[in-house]
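A.B. asks: Next up, run-v5.txt (compact mmCIF, C-alpha atoms).
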# COMPACT_ATOMS: atom_id res chain seq x y z
CA MET A 1 0.00 0.00 0.00
CA ALA A 2 2.76 2.39 0.95
CA ALA A 3 4.58 1.60 -2.27
CA ILE A 4 1.49 2.50 -4.32
CA ASN A 5 1.10 5.79 -2.46
CA ARG A 6 4.72 6.70 -3.09
CA LYS A 7 4.40 5.87 -6.77
CA PHE A 8 1.41 8.18 -7.02
CA LYS A 9 3.40 10.97 -5.42
CA VAL A 10 6.19 10.53 -7.97
CA LEU A 11 3.58 10.74 -10.70
CA ASP A 12 2.13 13.90 -9.12
CA ALA A 13 5.52 15.53 -9.04
CA PHE A 14 6.05 14.59 -12.68
CA TYR A 15 2.72 16.13 -13.71
CA ILE A 16 3.38 19.35 -11.77
CA ALA A 17 6.85 19.57 -13.29
CA MET A 18 5.41 19.08 -16.75
CA MET A 19 2.91 21.87 -16.05
CA ILE A 20 5.65 24.33 -15.15
CA LEU A 21 8.32 23.15 -17.60
CA PRO A 22 6.68 24.47 -20.82
CA ILE A 23 6.27 27.92 -19.26
CA LEU A 24 9.92 27.92 -18.18
CA CYS A 25 10.91 26.84 -21.70
CA GLY A 26 8.86 29.73 -23.07
CA ILE A 27 10.61 32.20 -20.77
CA VAL A 28 14.04 30.83 -21.75
CA LEU A 29 13.11 31.03 -25.43
CA GLN A 30 11.94 34.61 -24.92
CA VAL A 31 15.20 35.58 -23.17
CA LEU A 32 17.33 33.90 -25.85
CA THR A 33 15.58 35.20 -28.94
CA LYS A 34 14.22 38.62 -27.96
CA PRO A 35 16.33 41.32 -29.60
CA GLN A 36 17.79 43.91 -27.27
CA SER A 37 15.99 47.19 -27.77
CA GLU A 38 16.18 50.62 -26.28
CA GLY A 39 13.18 51.47 -24.12
CA ILE A 40 9.75 49.93 -24.55
CA THR A 41 8.53 48.98 -28.00
CA LEU A 42 5.27 47.64 -29.32
CA THR A 43 5.58 44.76 -31.76
CA GLY A 44 3.36 41.96 -32.92
CA ALA A 45 4.23 38.30 -32.53
CA ARG A 46 7.81 37.65 -33.59
CA ILE A 47 8.35 35.12 -36.38
CA PHE A 48 10.74 32.35 -35.38
CA PHE A 49 11.08 30.68 -38.78
CA THR A 50 9.03 30.07 -41.89
CA ILE A 51 8.22 26.72 -43.46
CA PRO A 52 8.01 26.91 -47.27
CA MET A 53 4.61 25.76 -48.52
CA PRO A 54 3.19 25.50 -52.05
CA ILE A 55 0.62 28.30 -51.87
CA GLN A 56 1.96 30.54 -49.13
CA ASN A 57 4.86 30.27 -46.71
CA PHE A 58 3.89 29.14 -43.25
CA PRO A 59 5.43 31.34 -40.55
CA VAL A 60 5.84 29.83 -37.07
CA THR A 61 5.29 32.75 -34.73
CA GLU A 62 5.56 33.39 -31.03
CA ALA A 63 1.77 33.18 -30.73
CA GLN A 64 1.66 29.61 -32.04
CA VAL A 65 4.54 28.49 -29.84
CA ASN A 66 2.97 30.10 -26.78
CA SER A 67 -0.43 28.59 -27.46
CA ALA A 68 1.27 25.17 -27.75
CA ILE A 69 2.87 25.89 -24.36
CA VAL A 70 -0.55 26.64 -22.90
CA MET A 71 -2.01 23.46 -24.40
CA ILE A 72 0.73 21.24 -22.92
CA SER A 73 0.32 22.93 -19.53
CA ILE A 74 -3.45 22.45 -19.52
CA PHE A 75 -3.06 18.83 -20.63
CA PHE A 76 -0.85 17.99 -17.68
CA LEU A 77 -3.04 20.07 -15.34
CA CYS A 78 -6.01 17.91 -16.33
CA LEU A 79 -3.97 14.73 -15.85
CA TYR A 80 -2.87 15.96 -12.43
CA LEU A 81 -6.40 16.83 -11.36
CA THR A 82 -7.99 13.62 -12.56
CA HIS A 83 -5.54 10.78 -11.96
CA GLY A 84 -6.02 8.60 -8.91
CA MET A 85 -9.77 9.22 -8.87
CA LYS A 86 -11.81 6.96 -6.65
CA GLU A 87 -15.48 6.55 -5.93
CA HIS A 88 -14.75 7.30 -2.30
CA ILE A 89 -13.00 10.67 -2.46
CA GLU A 90 -9.57 10.68 -0.84
CA LEU A 91 -7.79 13.57 -2.53
CA LYS A 92 -8.56 17.26 -2.36
CA ARG A 93 -7.95 17.76 -6.05
CA GLN A 94 -10.75 15.32 -6.91
CA HIS A 95 -13.20 17.69 -5.20
CA PHE A 96 -11.80 20.49 -7.34
CA ALA A 97 -12.08 18.52 -10.57
CA GLU A 98 -15.64 17.46 -9.78
CA LEU A 99 -16.53 21.06 -8.92
CA ILE A 100 -15.30 22.25 -12.31
CA VAL A 101 -17.18 19.53 -14.18
CA GLU A 102 -20.42 20.13 -12.27
CA LYS A 103 -20.26 23.91 -12.76
CA VAL A 104 -19.63 23.59 -16.50
CA ASP A 105 -22.37 21.01 -16.88
CA ALA A 106 -24.81 23.33 -15.10
CA LEU A 107 -23.71 26.27 -17.27
CA VAL A 108 -24.16 24.31 -20.49
CA LYS A 109 -27.53 22.97 -19.35
CA ASP A 110 -28.73 26.49 -18.51
CA ASN A 111 -27.58 28.08 -21.74
CA MET A 112 -27.80 25.35 -24.36
CA GLY A 113 -30.39 22.89 -23.11
CA GLU A 114 -30.38 19.11 -22.63
CA TYR A 115 -29.72 18.31 -26.29
CA PHE A 116 -26.24 19.87 -26.24
CA MET A 117 -24.95 18.34 -23.01
CA GLY A 118 -22.07 16.71 -24.91
CA TYR A 119 -20.69 20.17 -25.61
CA SER A 120 -19.61 20.82 -22.02
CA ALA A 121 -16.18 19.34 -22.79
CA PHE A 122 -15.76 21.60 -25.81
CA VAL A 123 -16.91 24.66 -23.87
CA ILE A 124 -14.58 24.08 -20.92
CA SER A 125 -11.64 23.41 -23.21
CA ILE A 126 -12.16 26.65 -25.13
CA LEU A 127 -12.71 28.50 -21.83
CA ALA A 128 -9.54 27.10 -20.26
CA LEU A 129 -7.44 27.66 -23.38
CA SER A 130 -8.57 31.26 -23.68
CA ALA A 131 -8.24 32.08 -19.98
CA PHE A 132 -4.80 30.52 -19.59
CA SER A 133 -3.59 32.12 -22.83
CA SER A 134 -4.51 35.55 -21.50
CA LEU A 135 -2.97 34.77 -18.11
CA LEU A 136 0.31 33.85 -19.82
CA SER A 137 1.12 37.56 -19.96
CA LEU A 138 1.62 37.43 -16.18
CA PHE A 139 4.84 35.51 -16.88
CA GLY A 140 6.00 38.21 -19.27
CA LEU A 141 5.33 36.05 -22.31
CA PHE A 142 3.42 37.09 -25.40
CA PRO A 143 -0.26 36.22 -24.79
CA PRO A 144 -1.50 34.23 -27.81
CA THR A 145 -4.95 35.81 -27.50
CA SER A 146 -3.56 39.20 -28.50
CA ASP A 147 -2.84 37.77 -31.97
CA VAL A 148 -5.85 37.81 -34.26
CA ASN A 149 -4.75 34.62 -36.03
CA ILE A 150 -5.14 32.43 -32.94
CA VAL A 151 -8.50 33.82 -31.83
CA GLY A 152 -9.68 33.91 -35.43
CA GLY A 153 -8.94 30.19 -35.69
CA TRP A 154 -11.14 29.47 -32.68
CA ALA A 155 -13.88 31.70 -34.07
CA ILE A 156 -13.80 29.89 -37.42
CA LEU A 157 -14.05 26.56 -35.59
CA VAL A 158 -17.12 27.84 -33.76
CA PHE A 159 -18.52 29.20 -37.03
CA PHE A 160 -18.30 25.73 -38.62
CA LEU A 161 -20.16 24.27 -35.64
CA ILE A 162 -22.86 26.93 -35.94
CA MET A 163 -23.25 26.27 -39.66
CA TYR A 164 -23.40 22.50 -39.06
CA TYR A 165 -26.30 22.91 -36.66
CA LYS A 166 -28.03 25.45 -38.87
CA LEU A 167 -27.84 23.14 -41.87
CA LYS A 168 -28.99 20.11 -39.92
CA CYS A 169 -32.61 20.55 -41.04
CA GLY A 170 -31.52 20.62 -44.66
CA PRO A 171 -30.11 23.50 -46.75
CA LEU A 172 -33.53 24.50 -48.05
CA TYR A 173 -34.86 25.18 -44.56
CA TYR A 174 -31.77 27.28 -43.84
CA LEU A 175 -32.13 29.28 -47.07
CA LYS A 176 -35.78 29.89 -46.26
CA GLY A 177 -34.75 31.21 -42.84
CA LEU A 178 -32.46 33.74 -44.54
CA THR A 179 -35.36 35.41 -46.36
CA GLU A 180 -37.26 36.21 -43.19
CA PRO A 181 -39.01 38.50 -42.35
CA VAL A 182 -38.99 39.81 -45.95
CA PRO A 183 -36.95 38.48 -48.90
CA LEU A 184 -35.52 41.97 -49.44
CA LEU A 185 -33.46 41.59 -46.26
CA ALA A 186 -31.67 38.44 -47.44
CA PRO A 187 -28.29 40.14 -48.15
CA ILE A 188 -28.31 41.77 -44.73
CA ASN A 189 -29.10 38.44 -43.09
CA LEU A 190 -26.23 36.85 -45.02
CA ILE A 191 -23.85 39.57 -43.82
CA SER A 192 -24.95 39.09 -40.24
CA GLU A 193 -24.29 35.35 -40.58
CA LEU A 194 -20.78 35.96 -41.87
CA SER A 195 -20.01 38.65 -39.31
CA THR A 196 -20.40 36.27 -36.36
CA PRO A 197 -16.85 34.83 -36.42
CA ILE A 198 -15.32 38.22 -37.23
CA SER A 199 -17.14 39.84 -34.34
CA MET A 200 -16.18 37.07 -31.90
CA ALA A 201 -12.53 37.12 -32.94
CA PHE A 202 -12.19 40.90 -32.88
CA ARG A 203 -13.97 41.29 -29.55
CA HIS A 204 -11.59 38.94 -27.77
CA TYR A 205 -8.41 39.98 -29.55
CA GLY A 206 -9.18 43.70 -29.32
CA ASN A 207 -9.76 43.54 -25.59
CA VAL A 208 -6.50 41.72 -24.86
CA LEU A 209 -4.50 43.83 -27.32
CA SER A 210 -5.90 47.09 -25.96
CA GLY A 211 -4.86 46.03 -22.46
CA THR A 212 -1.33 45.37 -23.70
CA VAL A 213 -1.13 48.67 -25.58
CA ILE A 214 -2.46 50.71 -22.66
CA SER A 215 -0.06 49.00 -20.25
CA ILE A 216 2.90 49.77 -22.52
CA LEU A 217 1.83 53.40 -23.06
CA LEU A 218 1.40 53.86 -19.31
CA ALA A 219 4.78 52.30 -18.55
CA THR A 220 6.44 54.66 -21.04
CA ALA A 221 4.60 57.68 -19.62
CA LEU A 222 5.51 56.78 -16.04
CA GLY A 223 9.14 56.34 -17.05
CA GLY A 224 9.12 59.79 -18.61
CA LEU A 225 7.47 61.26 -15.53
CA SER A 226 9.96 59.81 -13.07
CA SER A 227 12.92 60.91 -15.19
CA LEU A 228 11.37 64.37 -15.33
CA VAL A 229 10.99 64.58 -11.55
CA LEU A 230 14.20 62.85 -10.44
CA GLY A 231 16.33 63.39 -13.55
CA SER A 232 18.09 66.47 -12.20
CA LEU A 233 19.42 64.57 -9.18
CA PRO A 234 23.06 63.47 -9.50
CA GLY A 235 24.32 59.94 -9.99
CA ILE A 236 22.26 56.87 -9.21
CA LEU A 237 19.49 58.88 -7.54
CA GLY A 238 18.40 60.15 -10.93
CA ASP A 239 17.78 56.62 -12.23
CA ILE A 240 15.29 55.55 -9.56
CA PRO A 241 12.07 54.44 -11.32
CA LEU A 242 9.90 56.18 -8.74
CA PHE A 243 6.54 56.04 -10.52
CA GLN A 244 7.04 52.65 -12.18
CA ILE A 245 6.86 50.93 -8.80
CA GLY A 246 3.46 49.44 -8.11
CA ILE A 247 1.26 51.51 -10.41
CA PRO A 248 1.55 49.22 -13.50
CA ALA A 249 0.78 46.21 -11.30
CA VAL A 250 -2.64 47.62 -10.39
CA LEU A 251 -3.50 48.04 -14.07
CA SER A 252 -2.14 44.57 -14.77
CA ILE A 253 -4.64 43.09 -12.31
CA TYR A 254 -7.46 44.61 -14.33
CA PHE A 255 -6.14 44.12 -17.86
CA ASP A 256 -4.41 40.77 -17.51
CA VAL A 257 -6.34 38.90 -14.83
CA PHE A 258 -9.87 40.33 -14.77
CA SER A 259 -10.25 41.26 -18.42
CA GLY A 260 -8.59 38.05 -19.65
CA CYS A 261 -10.85 35.80 -17.58
CA LEU A 262 -13.95 37.85 -18.43
CA GLN A 263 -13.21 37.70 -22.16
CA ALA A 264 -12.65 33.94 -21.94
CA PHE A 265 -16.01 33.56 -20.21
CA ILE A 266 -17.71 35.75 -22.79
CA PHE A 267 -16.17 33.83 -25.69
CA ALA A 268 -17.46 30.58 -24.18
CA MET A 269 -20.90 32.08 -23.51
CA LEU A 270 -21.18 33.38 -27.07
CA THR A 271 -20.07 30.00 -28.41
CA MET A 272 -22.82 28.29 -26.43
CA MET A 273 -25.50 30.82 -27.34
CA ASN A 274 -24.66 30.94 -31.03
CA ILE A 275 -24.59 27.16 -31.41
CA SER A 276 -27.79 26.55 -29.49
CA SER A 277 -29.74 29.46 -30.95
CA GLY A 278 -28.77 28.54 -34.50
CA PHE A 279 -30.23 25.05 -34.18
CA PRO A 280 -33.99 24.78 -34.84
CA LEU A 281 -34.58 21.98 -32.33
CA GLU A 282 -38.36 21.71 -32.65
CA GLU A 283 -38.26 21.55 -36.43
CA TYR A 284 -35.55 18.89 -36.19
CA ARG A 285 -37.61 16.80 -33.77
CA LYS A 286 -40.64 17.11 -36.07
CA ARG A 287 -38.60 15.87 -39.01
CA GLN A 288 -37.20 12.97 -37.01
CA LEU A 289 -40.72 11.93 -36.04
CA LYS A 290 -41.86 12.17 -39.66
CA LYS A 291 -38.95 10.01 -40.78
CA LYS A 292 -39.82 7.33 -38.24
CA ALA A 293 -43.51 7.37 -39.15
CA MET B 294 8.83 63.41 -50.66
CA GLU B 295 9.03 64.76 -47.09
CA LEU B 296 5.71 66.51 -47.62
CA ALA B 297 4.07 63.29 -48.79
CA ILE B 298 5.39 61.34 -45.77
CA GLY B 299 4.20 64.13 -43.50
CA ILE B 300 0.74 64.02 -45.02
CA ILE B 301 0.64 60.21 -44.56
CA LEU B 302 1.64 60.41 -40.89
CA GLY B 303 -0.70 63.30 -40.16
CA CYS B 304 -3.67 61.68 -41.84
CA CYS B 305 -3.03 58.39 -40.02
CA ALA B 306 -3.04 60.23 -36.69
CA LEU B 307 -6.18 62.18 -37.64
CA GLY B 308 -7.92 59.00 -38.73
CA ALA B 309 -7.02 57.25 -35.49
CA GLY B 310 -8.41 60.14 -33.48
CA MET B 311 -11.60 60.23 -35.52
CA ALA B 312 -12.03 56.46 -35.22
CA MET B 313 -12.06 56.77 -31.46
CA ILE B 314 -15.20 58.97 -31.63
CA ALA B 315 -16.90 55.56 -31.58
CA GLY B 316 -15.86 55.33 -27.94
CA ILE B 317 -18.77 57.62 -27.01
CA GLY B 318 -21.40 54.99 -27.79
CA PRO B 319 -20.15 52.16 -25.56
CA GLY B 320 -19.51 54.70 -22.80
CA ILE B 321 -23.13 55.85 -22.76
CA GLY B 322 -24.44 52.31 -23.22
CA GLU B 323 -22.39 50.77 -20.45
CA GLY B 324 -23.23 53.64 -18.15
CA ASN B 325 -26.93 52.98 -18.74
CA ALA B 326 -26.46 49.26 -18.16
CA VAL B 327 -24.62 49.75 -14.88
CA ALA B 328 -27.15 52.35 -13.68
CA LYS B 329 -30.02 49.96 -14.33
CA ALA B 330 -28.12 47.12 -12.64
CA CYS B 331 -27.59 49.31 -9.56
CA GLU B 332 -31.29 50.09 -9.48
CA ALA B 333 -32.16 46.42 -9.80
CA ILE B 334 -29.80 45.46 -6.97
CA GLY B 335 -31.27 48.25 -4.86
CA ARG B 336 -34.77 46.89 -5.41
CA GLN B 337 -33.85 43.22 -5.00
CA PRO B 338 -30.58 42.83 -3.09
CA GLU B 339 -30.94 39.03 -3.06
CA SER B 340 -30.51 38.86 -6.88
CA LYS B 341 -27.12 40.58 -6.78
CA GLY B 342 -25.14 37.67 -8.22
CA ALA B 343 -27.35 37.06 -11.22
CA VAL B 344 -27.67 40.78 -12.00
CA THR B 345 -23.92 41.33 -11.76
CA SER B 346 -23.02 38.45 -14.07
CA THR B 347 -25.65 39.45 -16.62
CA MET B 348 -24.44 43.05 -16.46
CA LEU B 349 -20.81 42.06 -17.05
CA MET B 350 -21.88 39.95 -20.04
CA GLY B 351 -23.96 42.76 -21.50
CA CYS B 352 -21.24 45.34 -20.91
CA ALA B 353 -18.69 43.18 -22.71
CA ILE B 354 -20.99 42.84 -25.70
CA ALA B 355 -21.85 46.55 -25.72
CA GLU B 356 -18.11 47.22 -25.68
CA THR B 357 -17.68 45.53 -29.06
CA THR B 358 -18.09 48.60 -31.29
CA GLY B 359 -15.66 50.57 -29.14
CA ILE B 360 -13.18 47.72 -29.40
CA TYR B 361 -13.50 47.70 -33.21
CA ALA B 362 -12.71 51.41 -33.25
CA LEU B 363 -9.76 50.85 -30.92
CA VAL B 364 -8.36 48.08 -33.13
CA ILE B 365 -8.63 50.36 -36.16
CA ALA B 366 -6.98 53.22 -34.27
CA ILE B 367 -4.12 50.96 -33.13
CA LEU B 368 -3.64 49.68 -36.68
CA LEU B 369 -3.64 53.25 -38.03
CA ILE B 370 -1.03 54.40 -35.52
CA PHE B 371 1.34 51.44 -35.36
CA VAL B 372 0.90 49.50 -38.63
CA ALA B 373 -0.48 51.69 -41.41
CA PRO B 374 2.24 54.42 -41.59
CA ASN B 375 5.03 51.90 -42.19
CA ILE B 376 3.12 50.13 -44.97
CA LEU B 377 2.03 53.37 -46.66
CA VAL B 378 5.49 54.94 -46.51
CA ASP B 379 6.99 51.74 -47.97
CA ILE B 380 4.49 51.86 -50.84
CA LEU B 381 5.30 55.54 -51.42
CA VAL B 382 9.06 54.92 -51.48
CA GLU B 383 8.65 52.02 -53.90
CA THR B 384 6.51 54.05 -56.30
CA MET B 385 8.94 56.97 -56.15
CA GLN B 386 11.84 54.67 -56.97
CA SER B 387 10.02 53.07 -59.89
CA LEU B 388 9.21 56.44 -61.43
For the structure just supplied, provide its representation as structure tokens.
C.D. replies:
Amino acid sequence: MAAINRKFKVLDAFYIAMMILPILCGIVLQVLTKPQSEGITLTGARIFFTIPMPIQNFPVTEAQVNSAIVMISIFFLCLYLTHGMKEHIELKRQHFAELIVEKVDALVKDNMGEYFMGYSAFVISILALSAFSSLLSLFGLFPPTSDVNIVGGWAILVFFLIMYYKLKCGPLYYLKGLTEPVPLLAPINLISELSTPISMAFRHYGNVLSGTVISILLATALGGLSSLVLGSLPGILGDIPLFQIGIPAVLSIYFDVFSGCLQAFIFAMLTMMNISSGFPLEEYRKRQLKKKA
Amino acid sequence: MELAIGIILGCCALGAGMAMIAGIGPGIGEGNAVAKACEAIGRQPESKGAVTSTMLMGCAIAETTGIYALVIAILLIFVAPNILVDILVETMQSL
């Protein structure tokens, strides 16, 4: 018995190490490859290398690498939370894992209905990926959610799901739905269909990016202010970053922690609402009954 | 040449400033939403949790147009001038 317990602890340590290791690798990569620059600059995701492809070259950027880091971390976090589960609860982390699953199931049931209960896994994975990606900026890494390509990819994935459920009653039923309330409005309805993924992607990416930009602008302004106030002092006294102490951290709590988690939640909520509201459930049930009869 | 680059930079800055006029709308809208949420909590303090979460959700969606404007302003300030000046230099060289 003791041997089994010890083996589990070794496994725990391995999972925790594998959670932290990708983030450390990301920080090391950042330190090694980031070019030295004077002052604070605003750049997009840096391109590590490009893979030549037939139609267009495929650049591997910081955003992709960092989102892979987040994925590996979340994978081992899930393994850590769920391994060693028993019917009779012994470990604290099992309570935590069950709490998460129950909350997400309740959320999906409230917002999507019984039919979509299988989507709770998809919703929690998109929620966790988005939230942890935004929180990655706490480690000083580039948050993948402030790159439109990453968030746009998720939004396109959600768009395909929405279209799948909209077309489930047949393409004719969907085309008829486009011409409501009057056929004249069909182009506008089509635009509003296509604008869903763009709106979702830009909402999330714009929020995270604006937080980054405002933080950088504020850091620059505070640096200028402290050099203005203390700059005339001689020697090392003139270099004290008086105003940069503490003030950016307060903003970081709002922009990185609160805004990142809120945007992740909103992305997941919109995913749920768009998928479930696009699916004409009653019509589908009617058709199923007709088919059986 | 200098005049053309100056016009490009100036117009990019002007455009960014004008794009941010869109910030008025979300400001008014979110203010309304929060005011109504405060009223609702004042009337029914026991529904504070539900009202707060709904309000945050609604605020984030009302924010969308402001965020679009902000993205456009950021692109106009940090991205557009470089691209436009590059295009200008290339066309001047080809002439």
A.B. asks: Taking 4 positions as the minimum chain separation for residues in the same chain, which residues sit within 9 Å of B:Ile354 when counting all atoms listed in the file? Answer as a list of chain:residue names.
C.D. replies: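 The filter keeps A:Arg203, A:Ile266, B:Leu349, B:Met350, B:Thr358.
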A.B. asks: Which residues are close to stretch 365-380 of chain B, i.e. within 9 Å by all atoms listed in the file, leaving aside same-chain residues fewer than 4 positions away? Reply as a CSV table (one decimal) with C-alpha atoms, in the frame of the given file.
C.D. replies:
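As written to disk, part.csv reads:
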chain,number,residue,atom,x,y,z
A,42,LEU,CA,5.3,47.6,-29.3
A,43,THR,CA,5.6,44.8,-31.8
A,210,SER,CA,-5.9,47.1,-26.0
A,213,VAL,CA,-1.1,48.7,-25.6
B,297,ALA,CA,4.1,63.3,-48.8
B,298,ILE,CA,5.4,61.3,-45.8
B,301,ILE,CA,0.6,60.2,-44.6
B,302,LEU,CA,1.6,60.4,-40.9
B,305,CYS,CA,-3.0,58.4,-40.0
B,306,ALA,CA,-3.0,60.2,-36.7
B,308,GLY,CA,-7.9,59.0,-38.7
B,309,ALA,CA,-7.0,57.2,-35.5
B,310,GLY,CA,-8.4,60.1,-33.5
B,311,MET,CA,-11.6,60.2,-35.5
B,312,ALA,CA,-12.0,56.5,-35.2
B,313,MET,CA,-12.1,56.8,-31.5
B,360,ILE,CA,-13.2,47.7,-29.4
B,361,TYR,CA,-13.5,47.7,-33.2
B,384,THR,CA,6.5,54.0,-56.3
B,385,MET,CA,8.9,57.0,-56.2
A.B. asks: Taking into account all atoms listed in the file, which residue in the set A:Asp239, A:Ser227, A:Asp147, A:Thr82 is nearest to A:Leu99?
C.D. replies: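 Counting all atoms listed in the file, the residue closest to A:Leu99 is A:Thr82.
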A.B. asks: From the set A:Val182, A:Val65, A:Gly44, A:Val60, which residue has the shortest atom-to-atom contact distance to A:Leu29, counting all atoms listed in the file?
C.D. replies: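 Smallest separation from A:Leu29 among the options: A:Val65.
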A.B. asks: What's around A:Lys166 at 8 Å? Count all atoms listed in the file, leave out sequence neighbours fewer than 4 positions away in its own chain, and write the answer as a PyMOL selection string.
C.D. replies: chain A and resi 162+174+278-280
A.B. asks: Measuring atom to atom with all atoms listed in the file, identify which of A:Phe75, A:Tyr115, A:Tyr205, A:Tyr80 is nearest to A:Ala264.
C.D. replies: A:Tyr205
A.B. asks: Which polymer residues have any atom within 8 Å of an atom of stretch 343-346 of chain B, counting only C-alpha atoms, with same-chain residues fewer than 2 positions away left out, as a PyMOL selection string?
C.D. replies: chain B and resi 330+333-334+340-341+348-350
A.B. asks: Measure the distance from atom CA of A:Ser226 to atom CA of A:Asp256 in Å and round it to one decimal.
C.D. replies: 24.3 Å
A.B. asks: Show me which bits of chain A are within 12 Å of chain B, counting all atoms listed in the file, as a ChimeraX atom specification.
C.D. replies: /A:41-44,146-148,198-214,217,258-270
A.B. asks: Now that the selection is made, can you save its residues with C-alpha atoms as a PDB file, keeping the file's coordinate frame?
C.D. replies:
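The result, written out as part-v3.pdb:
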ATOM      1  CA  THR A  41       8.530  48.980 -28.000  1.00  0.00           C
ATOM      2  CA  LEU A  42       5.270  47.640 -29.320  1.00  0.00           C
ATOM      3  CA  THR A  43       5.580  44.760 -31.760  1.00  0.00           C
ATOM      4  CA  GLY A  44       3.360  41.960 -32.920  1.00  0.00           C
ATOM      5  CA  SER A 146      -3.560  39.200 -28.500  1.00  0.00           C
ATOM      6  CA  ASP A 147      -2.840  37.770 -31.970  1.00  0.00           C
ATOM      7  CA  VAL A 148      -5.850  37.810 -34.260  1.00  0.00           C
ATOM      8  CA  ILE A 198     -15.320  38.220 -37.230  1.00  0.00           C
ATOM      9  CA  SER A 199     -17.140  39.840 -34.340  1.00  0.00           C
ATOM     10  CA  MET A 200     -16.180  37.070 -31.900  1.00  0.00           C
ATOM     11  CA  ALA A 201     -12.530  37.120 -32.940  1.00  0.00           C
ATOM     12  CA  PHE A 202     -12.190  40.900 -32.880  1.00  0.00           C
ATOM     13  CA  ARG A 203     -13.970  41.290 -29.550  1.00  0.00           C
ATOM     14  CA  HIS A 204     -11.590  38.940 -27.770  1.00  0.00           C
ATOM     15  CA  TYR A 205      -8.410  39.980 -29.550  1.00  0.00           C
ATOM     16  CA  GLY A 206      -9.180  43.700 -29.320  1.00  0.00           C
ATOM     17  CA  ASN A 207      -9.760  43.540 -25.590  1.00  0.00           C
ATOM     18  CA  VAL A 208      -6.500  41.720 -24.860  1.00  0.00           C
ATOM     19  CA  LEU A 209      -4.500  43.830 -27.320  1.00  0.00           C
ATOM     20  CA  SER A 210      -5.900  47.090 -25.960  1.00  0.00           C
ATOM     21  CA  GLY A 211      -4.860  46.030 -22.460  1.00  0.00           C
ATOM     22  CA  THR A 212      -1.330  45.370 -23.700  1.00  0.00           C
ATOM     23  CA  VAL A 213      -1.130  48.670 -25.580  1.00  0.00           C
ATOM     24  CA  ILE A 214      -2.460  50.710 -22.660  1.00  0.00           C
ATOM     25  CA  LEU A 217       1.830  53.400 -23.060  1.00  0.00           C
ATOM     26  CA  PHE A 258      -9.870  40.330 -14.770  1.00  0.00           C
ATOM     27  CA  SER A 259     -10.250  41.260 -18.420  1.00  0.00           C
ATOM     28  CA  GLY A 260      -8.590  38.050 -19.650  1.00  0.00           C
ATOM     29  CA  CYS A 261     -10.850  35.800 -17.580  1.00  0.00           C
ATOM     30  CA  LEU A 262     -13.950  37.850 -18.430  1.00  0.00           C
ATOM     31  CA  GLN A 263     -13.210  37.700 -22.160  1.00  0.00           C
ATOM     32  CA  ALA A 264     -12.650  33.940 -21.940  1.00  0.00           C
ATOM     33  CA  PHE A 265     -16.010  33.560 -20.210  1.00  0.00           C
ATOM     34  CA  ILE A 266     -17.710  35.750 -22.790  1.00  0.00           C
ATOM     35  CA  PHE A 267     -16.170  33.830 -25.690  1.00  0.00           C
ATOM     36  CA  ALA A 268     -17.460  30.580 -24.180  1.00  0.00           C
ATOM     37  CA  MET A 269     -20.900  32.080 -23.510  1.00  0.00           C
ATOM     38  CA  LEU A 270     -21.180  33.380 -27.070  1.00  0.00           C
TER      39      LEU A 270
END
A.B. asks: Which residue is closest to B:Glu295? Choose from B:Ala355, B:Gln386, B:Ile317, B:Leu381 and count all atoms listed in the file.
C.D. replies: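 So, comparing all the options, the nearest one is B:Leu381.
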A.B. asks: Find the distance between atom CA of A:Ile275 and atom CA of A:Ala97 and write it in Å to one decimal.
C.D. replies: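 Taking atom CA of A:Ile275 and atom CA of A:Ala97, their separation equals 25.8 Å.
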A.B. asks: Between atom CA of A:Arg93 and atom CA of A:Leu11, what distance in Å does the model show, to one decimal?
C.D. replies: 14.3 Å
A.B. asks: Can you list, as a PDB file with C-alpha atoms, in the frame of the given file, every protein, DNA or RNA residue that comes within 9 Å of A:Ile27 when you count all atoms listed in the file, leaving out same-chain residues fewer than 4 positions away?
C.D. replies:
ATOM      1  CA  PRO A  22       6.680  24.470 -20.820  1.00  0.00           C
ATOM      2  CA  ILE A  23       6.270  27.920 -19.260  1.00  0.00           C
ATOM      3  CA  VAL A  31      15.200  35.580 -23.170  1.00  0.00           C
ATOM      4  CA  LEU A  32      17.330  33.900 -25.850  1.00  0.00           C
ATOM      5  CA  PHE A 139       4.840  35.510 -16.880  1.00  0.00           C
ATOM      6  CA  GLY A 140       6.000  38.210 -19.270  1.00  0.00           C
ATOM      7  CA  LEU A 141       5.330  36.050 -22.310  1.00  0.00           C
TER       8      LEU A 141
END
A.B. asks: Let me make sure I understand: among A:Gln36, A:Ser73, A:Ser232, A:Thr50, which one has the smallest atom-to-atom distance to A:Ile20 if we use only C-alpha atoms?
C.D. replies: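 Looking only at the distances to A:Ile20, the closest residue turns out to be A:Ser73.
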A.B. asks: Got a sec to check which residues sit within 8 Å of (-6.6, 32.7, -24.1), counting all atoms listed in the file, and write them as a VMD selection string?
C.D. replies: chain A and resid 127 to 135 143 to 145 260 264
